[in-house]
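Visitor: What follows is a single structure, and I will ask about it in a moment.
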Amino acid sequence: MDITILKKPLYLTILLSLSFLFTNACHAVDKEALLQFKQNIISDPSKLLQSWSSSTDCCHSWQGVVCDTTSGRVTNLTRPGLFIGNDEFFVDTSMAGTLSPYLGNLSFLKVLDLSNLKYLKGPIPLALGNLFQLSYLFLDTNQLNGTLPFTFRNLISLKKLHLSDNSLSGVISSSVFESMSSLFELGLAGNQFSGSIPTSIQNLSSLTKLDFHGNHFSGSIPYGIGKLKSLKYIDLSENSISGMIPESIGGLSELVLLYLNQNRITGMIPYSISGLISLYYCRLSENKLKGNLPDSIGKLPNIQRLILENNRLSGKLPSSIGKLTTLTDIFFSNNHFTGQIPSSFENLVHLQTLDLSRNKLSGKIPPQLSKLQNLQSLDLSFNPLGLVYIPKFISKMKLFRLKLAKTGIEGHLPKWLASTSISILDFSNNGLNGKLPNWIGNMTNLSFLNLSSNGFHSSIPIEFKNLSLLMDLDLHSNMLIGHINVIFSKELQNPLGQFNSIDLSNNMFSGPIDKNIGERPSMASIKSLVLSNNPLSGGIPESIGQLSELEILKLMGNGLSGKIPMKLGNAEKLSTIILSRNKLRGTIPKQVINLINLKEFNVSGNLLSGMIPSHNTTFSASSFLDNHGLCGPPLPPCNHS
């Protein structure tokens with residue numbers, strides 16, 4: 001046995017060596033074409049073309065080049081910028097230059113892969129249309145521009161065409177796709193193509209993947225798309241497509257993914273959608289779809305994600321949705337759905353996300369939803385549900401995210417919340433009242449808490465410090481009192497638990513802002529700090545200037561006194577500073593008003609004086625009004641008499 005195993009590789013090695021000896025040398029036309037291509041490359045940092053020398057044979061010595069062993073003609077040219085290296089790790093590199101028209105002389109070429117080189121520029125040469133034997137063309141992820149060459153209609157052997165993520169533009173000639181009956185993948189995403197989708201795509205009878213997303217296509221989806229019975233993947237998202245979804249789409253029984261989101265599609269979802277029996281992912285969001293959901297939507301036996309948000313769909317939610325037992329995600333927010341949530345949803349045992357927010361749903365939440373033990377996210381916000389109280393059955397669910405903003409909740413927060421593992425909680429815009437309970441400190445998984453626009457009227461409990469994972473806090477527009485500094489000194493679990501945003505505005509908090517706020521570990525990453533319209537006292541802490549990630553600072557109407565700290569200018573990412581309606585004195589520090597990212601600045605209604613420092617960003621006079629001692633542009637000039 002051992003002898004046999006050893007002999008076989010030796011035999012193959014001899015054969016390969018002999019075939020190498022008898023392989024014809026690289027054809028002169030092909031060698032010239034490749035050297036011309038190399039000449040057009042102005043940067044090759046990873047030396048992808050280093051082995052290409054005029055003194056060596058392109059078939060035997062040049063990396064990325066494969067020849068036919070009989071004729072010596074080049075059949076494969078593969079120099080992509082993303083490939084697996086000798087150590088089995090991905091290598092990510094680049095080349096800069098343009099595509100030489102001489103590539104069109106490689107008349108035996110079957111594979112051309114120059115994808116992911118990042119910096120290939122200029123047009124695609126018309127001469128590439130001469131490559132009649134070409135089966136695979138990959139030029140994606142470069143900076144190519146110009147139009148799709150009309151000569152591509154000659155590429156009748158093409159199986160895969162990927163030109164995505166370039167800067168190609170213009171209207172695609174319908175003739176280009178008329179004879180590509182062998183094409184099964186077509187990727188033109190991430191370009192600037194315009195005009196209608198060519199009706200000739202109906203001739204691509206072998207097509208399995210169609211990706212045109214992220215262009216400027218307009219007009220309707222061709223009705224003939226229903227003829228492409230092998231299609232598994234359609235992505236026409238992020239265009240300007242209008243008209244209706246054609247009924248013919250129901251004939252695509254092999255389709256797995258349908259993305260038509262972020263277009264201008266109108267009309268109703270066709271009843272024929274039930275024909276998409278292989279569909280896993282359906283995204284029709286961000287369009288102008290209207291009318292009722294067809295009952296036939298309940299006949300999609302494999303559907304996992306159904307995303308219809310941000311349309312104008314109306315009527316009741318079909319109970320047939322409850323038959324879609326493979327569903328993991330429902331996103332129906334921001335439509336005009338009415339009526340109750342169907343109790344049949346209890347059958348969606350694999351459901352992880354249910355987002356019905358911003359509709360016109362009413363009535364009770366079906367208690368049967370408690371059976372959805374895989375549900376992680378429930379968002380029913382901004383529906384006139386008239387809940388009055390938060391349903392107790394929710395305590396039996398294993399939710400990560402619970403959002404019931406503006407659903408009519410009243411009374412106190414239920415204590416069972418303390419026993420949940422909820423991370424994202426939004427009960428804003430309701431009628432909740434009473435004290436913020438001490439047990440809120442037991443909700444140690446909280447990362448996002450929004451109780452704004454309610455009627456809470458207590459101080460922040462000391463147990464709040466235990467919320468070591470909390471990153472976003474919104475308590476604005478309540479009647480909360482006491483000091484705010486317990487919030488800034490909360491615990492954290494590095495690197496988790498550093499604040500991203502805090503909004504405590506429009507309450508009755510009092511006392512000074514913690515002078516060490518900028519040194520608190522929980523504040524190290526904060527981007528937005530809004531404390532406006534609270535009767536605070538004292539000055540603006542200098543340490544705020546140490547908040548290196550801070551972008552938004554709003555301290556309007558706080559009764560703050562003292563000077564604007566010069567060190568505030570150290571917070572270089574600040575884009576918004578609102579300090580209006582306080583009792584601030586002194587001058588405006590030039591370091592602050594000239595922050596490089598500053599776009600909004602308002603110090604009106606204070607006691608500031610002196611000349612407004614010259615500044616690069618244009619601010620209106622209203623940003624400085626009602627400071628009787630201020631002068632200079634954009635206010636009237638200073639009087640030096």
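Quick note on naming: the chains in the structure tokens go A, B, ... in the order shown, residues restart at 1 in each chain, and ligands are numbered from 1 in order of appearance.
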Write out as a list in words the residues lying within 7 Å of A:Asn359, counting only C-alpha atoms and excluding same-chain residues fewer than 5 positions away.

Guide: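 Once the adjacent positions are removed, what remains is Ser333, Asn334, Asn335, His336, Phe337, Phe382 and Asn383 of chain A.
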
Visitor: For N, CA, C and O atoms, I'd like the residues from the last selection saved as a PDB file, in the first residue's frame.

Guide:
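What landed in part-v4.pdb:
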```
ATOM      1  N   SER A 333     -43.275  49.016  10.456  1.00  0.00           N
ATOM      2  CA  SER A 333     -43.455  50.338  11.061  1.00  0.00           C
ATOM      3  C   SER A 333     -43.718  51.422  10.020  1.00  0.00           C
ATOM      4  O   SER A 333     -43.387  51.294   8.844  1.00  0.00           O
ATOM      5  N   ASN A 334     -44.323  52.498  10.512  1.00  0.00           N
ATOM      6  CA  ASN A 334     -44.572  53.702   9.710  1.00  0.00           C
ATOM      7  C   ASN A 334     -45.406  53.409   8.460  1.00  0.00           C
ATOM      8  O   ASN A 334     -45.032  53.748   7.345  1.00  0.00           O
ATOM      9  N   ASN A 335     -46.553  52.774   8.685  1.00  0.00           N
ATOM     10  CA  ASN A 335     -47.573  52.598   7.654  1.00  0.00           C
ATOM     11  C   ASN A 335     -48.899  53.112   8.216  1.00  0.00           C
ATOM     12  O   ASN A 335     -48.895  53.934   9.141  1.00  0.00           O
ATOM     13  N   HIS A 336     -50.006  52.649   7.664  1.00  0.00           N
ATOM     14  CA  HIS A 336     -51.322  53.101   8.139  1.00  0.00           C
ATOM     15  C   HIS A 336     -52.198  51.920   8.536  1.00  0.00           C
ATOM     16  O   HIS A 336     -53.424  51.963   8.378  1.00  0.00           O
ATOM     17  N   PHE A 337     -51.591  50.868   9.049  1.00  0.00           N
ATOM     18  CA  PHE A 337     -52.362  49.690   9.442  1.00  0.00           C
ATOM     19  C   PHE A 337     -53.307  50.032  10.597  1.00  0.00           C
ATOM     20  O   PHE A 337     -52.955  50.802  11.495  1.00  0.00           O
ATOM     21  N   PHE A 382     -46.112  54.413  19.281  1.00  0.00           N
ATOM     22  CA  PHE A 382     -46.860  55.356  18.453  1.00  0.00           C
ATOM     23  C   PHE A 382     -48.013  54.685  17.705  1.00  0.00           C
ATOM     24  O   PHE A 382     -48.182  54.837  16.495  1.00  0.00           O
ATOM     25  N   ASN A 383     -48.773  53.912  18.460  1.00  0.00           N
ATOM     26  CA  ASN A 383     -50.051  53.370  18.024  1.00  0.00           C
ATOM     27  C   ASN A 383     -51.089  53.744  19.081  1.00  0.00           C
ATOM     28  O   ASN A 383     -50.780  53.724  20.275  1.00  0.00           O
TER      29      ASN A 383
END
```

Visitor: Find the spatial neighbours of A:Gly605, counting only C-alpha atoms, within a cut-off of 7 Å - ignore same-chain residues fewer than 2 positions away - and output them as a list in words.

Guide: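 Once the adjacent positions are removed, what remains is Ser580, Arg581, Asn582, Val603, Leu625, Asp626 and Asn627 of chain A.
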
Visitor: Using only C-alpha atoms, which residues sit within 12 Å of A:Gln50 once same-chain residues fewer than 2 positions away are excluded, as a short mmCIF file (atom, residue, chain, number, x, y, z; two decimals) with N, CA, C and O atoms, in the first residue's frame?

Guide:
```
data_model
loop_
_atom_site.label_atom_id
_atom_site.label_comp_id
_atom_site.auth_asym_id
_atom_site.auth_seq_id
_atom_site.Cartn_x
_atom_site.Cartn_y
_atom_site.Cartn_z
N LEU A 35 1.64 43.04 -21.79
CA LEU A 35 2.66 44.05 -21.49
C LEU A 35 2.10 45.47 -21.64
O LEU A 35 2.46 46.38 -20.89
N LYS A 38 0.19 46.12 -18.51
CA LYS A 38 1.11 46.46 -17.43
C LYS A 38 1.62 47.88 -17.57
O LYS A 38 1.79 48.60 -16.57
N GLN A 39 1.85 48.31 -18.80
CA GLN A 39 2.37 49.66 -19.04
C GLN A 39 1.39 50.73 -18.57
O GLN A 39 1.79 51.83 -18.19
N ILE A 41 -0.44 50.50 -15.93
CA ILE A 41 -0.53 50.47 -14.47
C ILE A 41 0.56 51.37 -13.90
O ILE A 41 1.74 51.17 -14.15
N SER A 43 0.76 52.16 -10.50
CA SER A 43 1.10 51.80 -9.12
C SER A 43 0.72 50.34 -8.88
O SER A 43 -0.40 49.92 -9.17
N ASP A 44 1.68 49.59 -8.34
CA ASP A 44 1.47 48.17 -8.06
C ASP A 44 2.20 47.84 -6.76
O ASP A 44 3.23 47.16 -6.75
N PRO A 45 1.66 48.32 -5.62
CA PRO A 45 2.39 48.24 -4.35
C PRO A 45 2.71 46.82 -3.90
O PRO A 45 3.72 46.60 -3.23
N SER A 46 1.88 45.86 -4.25
CA SER A 46 2.14 44.47 -3.84
C SER A 46 2.83 43.67 -4.92
O SER A 46 2.96 42.45 -4.81
N LYS A 47 3.23 44.35 -6.00
CA LYS A 47 4.00 43.73 -7.08
C LYS A 47 3.25 42.54 -7.69
O LYS A 47 3.82 41.47 -7.93
N LEU A 48 1.96 42.77 -7.95
CA LEU A 48 1.15 41.72 -8.57
C LEU A 48 1.65 41.39 -9.97
O LEU A 48 1.45 40.28 -10.47
N TRP A 52 5.86 39.74 -14.56
CA TRP A 52 5.58 39.96 -15.98
C TRP A 52 6.77 40.68 -16.63
O TRP A 52 6.87 41.90 -16.59
N SER A 53 7.63 39.93 -17.24
CA SER A 53 8.82 40.51 -17.87
C SER A 53 8.84 40.14 -19.35
O SER A 53 8.48 39.01 -19.73
N SER A 54 9.29 41.06 -20.16
CA SER A 54 9.35 40.80 -21.61
C SER A 54 10.35 39.71 -21.94
O SER A 54 10.30 39.12 -23.03
N THR A 56 10.66 36.87 -20.28
CA THR A 56 10.19 35.54 -19.88
C THR A 56 8.90 35.21 -20.61
O THR A 56 8.25 36.07 -21.21
N CYS A 58 5.06 34.30 -20.91
CA CYS A 58 3.88 34.67 -20.12
C CYS A 58 3.09 33.44 -19.68
O CYS A 58 2.39 33.49 -18.67
N SER A 61 5.78 31.72 -16.72
CA SER A 61 6.46 32.47 -15.67
C SER A 61 5.64 33.60 -15.06
O SER A 61 6.03 34.14 -14.03
N TRP A 62 4.54 33.96 -15.68
CA TRP A 62 3.82 35.14 -15.22
C TRP A 62 2.70 34.74 -14.26
O TRP A 62 1.82 33.95 -14.63
N GLN A 63 2.73 35.29 -13.08
CA GLN A 63 1.68 35.01 -12.10
C GLN A 63 0.35 35.61 -12.55
O GLN A 63 0.29 36.72 -13.09
N GLY A 64 -0.73 34.85 -12.32
CA GLY A 64 -2.06 35.32 -12.69
C GLY A 64 -2.44 35.07 -14.13
O GLY A 64 -3.53 35.46 -14.55
N ARG A 79 -5.83 38.89 -11.59
CA ARG A 79 -5.01 39.68 -10.67
C ARG A 79 -5.93 40.52 -9.78
O ARG A 79 -5.87 41.75 -9.78
#
```

Visitor: Extract the full set of strand (DSSP E or B) residues from stretch 280-507 of chain A according to DSSP on the backbone, and format it as a PyMOL selection string.

Guide: chain A and resi 281-283+290-291+305-307+312-316+329-331+336-339+353-355+360-361+377-379+388+401-403+409-411+424-426+431-434+448-450+455-456+472-474+481-482+493+496+501-503

Visitor: Which neighbours of A:Gly559 fall inside 6 Å, counting only C-alpha atoms, when residues of the same chain fewer than 5 positions from it are skipped, and could you give them as a list in words?

Guide: Leu536, Ser537, Asn582 and Lys583 of chain A

Visitor: Go ahead and dump the residues you just picked, all heavy atoms, as a PDB file, in the first residue's frame.

Guide:
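Full text of result_35.pdb as output:
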```pdb
ATOM      1  N   LEU A 536     -30.766  75.069  37.329  1.00  0.00           N
ATOM      2  CA  LEU A 536     -29.456  74.746  37.889  1.00  0.00           C
ATOM      3  C   LEU A 536     -28.800  76.014  38.427  1.00  0.00           C
ATOM      4  O   LEU A 536     -29.318  77.125  38.265  1.00  0.00           O
ATOM      5  CB  LEU A 536     -28.580  74.091  36.818  1.00  0.00           C
ATOM      6  CG  LEU A 536     -29.133  72.811  36.173  1.00  0.00           C
ATOM      7  CD1 LEU A 536     -28.216  72.346  35.053  1.00  0.00           C
ATOM      8  CD2 LEU A 536     -29.316  71.705  37.205  1.00  0.00           C
ATOM      9  N   SER A 537     -27.641  75.857  39.027  1.00  0.00           N
ATOM     10  CA  SER A 537     -26.913  77.013  39.547  1.00  0.00           C
ATOM     11  C   SER A 537     -25.427  76.809  39.290  1.00  0.00           C
ATOM     12  O   SER A 537     -24.995  75.768  38.790  1.00  0.00           O
ATOM     13  CB  SER A 537     -27.181  77.178  41.050  1.00  0.00           C
ATOM     14  OG  SER A 537     -26.779  76.009  41.756  1.00  0.00           O
ATOM     15  N   ASN A 582     -29.061  82.295  29.978  1.00  0.00           N
ATOM     16  CA  ASN A 582     -28.418  82.071  31.258  1.00  0.00           C
ATOM     17  C   ASN A 582     -27.978  83.421  31.829  1.00  0.00           C
ATOM     18  O   ASN A 582     -28.516  84.473  31.433  1.00  0.00           O
ATOM     19  CB  ASN A 582     -27.225  81.120  31.096  1.00  0.00           C
ATOM     20  CG  ASN A 582     -27.655  79.677  30.951  1.00  0.00           C
ATOM     21  OD1 ASN A 582     -28.128  79.081  31.905  1.00  0.00           O
ATOM     22  ND2 ASN A 582     -27.496  79.107  29.756  1.00  0.00           N
ATOM     23  N   LYS A 583     -27.008  83.426  32.738  1.00  0.00           N
ATOM     24  CA  LYS A 583     -26.504  84.665  33.337  1.00  0.00           C
ATOM     25  C   LYS A 583     -24.993  84.745  33.161  1.00  0.00           C
ATOM     26  O   LYS A 583     -24.266  85.186  34.052  1.00  0.00           O
ATOM     27  CB  LYS A 583     -26.860  84.712  34.823  1.00  0.00           C
ATOM     28  CG  LYS A 583     -28.356  84.656  35.109  1.00  0.00           C
ATOM     29  CD  LYS A 583     -28.625  84.554  36.606  1.00  0.00           C
ATOM     30  CE  LYS A 583     -30.114  84.384  36.895  1.00  0.00           C
ATOM     31  NZ  LYS A 583     -30.379  84.220  38.361  1.00  0.00           N
TER      32      LYS A 583
END
```

Visitor: Could you pull the residues within 7 Å of A:Phe152, counting only C-alpha atoms, minus those fewer than 2 positions along the same chain, as JSON, numbers by chain?

Guide: {"A": [129, 149, 150, 154, 155, 176]}

Visitor: For the residues in that selection, give me N, CA, C and O atoms as an mmCIF file, in the first residue's frame.

Guide:
```
data_model
loop_
_atom_site.group_PDB
_atom_site.id
_atom_site.type_symbol
_atom_site.label_atom_id
_atom_site.label_comp_id
_atom_site.auth_asym_id
_atom_site.auth_seq_id
_atom_site.Cartn_x
_atom_site.Cartn_y
_atom_site.Cartn_z
ATOM 1 N N GLY A 129 -15.285 44.068 -25.941
ATOM 2 C CA GLY A 129 -16.382 43.411 -26.653
ATOM 3 C C GLY A 129 -15.910 42.412 -27.692
ATOM 4 O O GLY A 129 -16.731 41.666 -28.254
ATOM 5 N N PRO A 149 -20.073 49.526 -22.214
ATOM 6 C CA PRO A 149 -19.840 49.492 -23.669
ATOM 7 C C PRO A 149 -20.941 48.719 -24.412
ATOM 8 O O PRO A 149 -21.298 47.603 -24.006
ATOM 9 N N PHE A 150 -21.432 49.319 -25.484
ATOM 10 C CA PHE A 150 -22.453 48.639 -26.292
ATOM 11 C C PHE A 150 -21.880 47.379 -26.938
ATOM 12 O O PHE A 150 -22.615 46.454 -27.293
ATOM 13 N N ASN A 154 -21.642 41.532 -27.760
ATOM 14 C CA ASN A 154 -20.945 40.441 -28.449
ATOM 15 C C ASN A 154 -20.466 39.343 -27.500
ATOM 16 O O ASN A 154 -19.999 38.289 -27.957
ATOM 17 N N LEU A 155 -20.572 39.570 -26.209
ATOM 18 C CA LEU A 155 -20.046 38.610 -25.228
ATOM 19 C C LEU A 155 -21.086 37.521 -24.978
ATOM 20 O O LEU A 155 -21.637 37.379 -23.884
ATOM 21 N N VAL A 176 -27.525 45.401 -25.235
ATOM 22 C CA VAL A 176 -26.399 44.769 -24.548
ATOM 23 C C VAL A 176 -26.747 43.366 -24.071
ATOM 24 O O VAL A 176 -25.943 42.440 -24.161
#
```

Visitor: Taking only C-alpha atoms into account, name the residue in A:His216, A:Lys403, A:Lys490, A:His162 that is nearest to A:Asp379.

Guide: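 Closest to A:Asp379, using only C-alpha atoms: A:Lys403.
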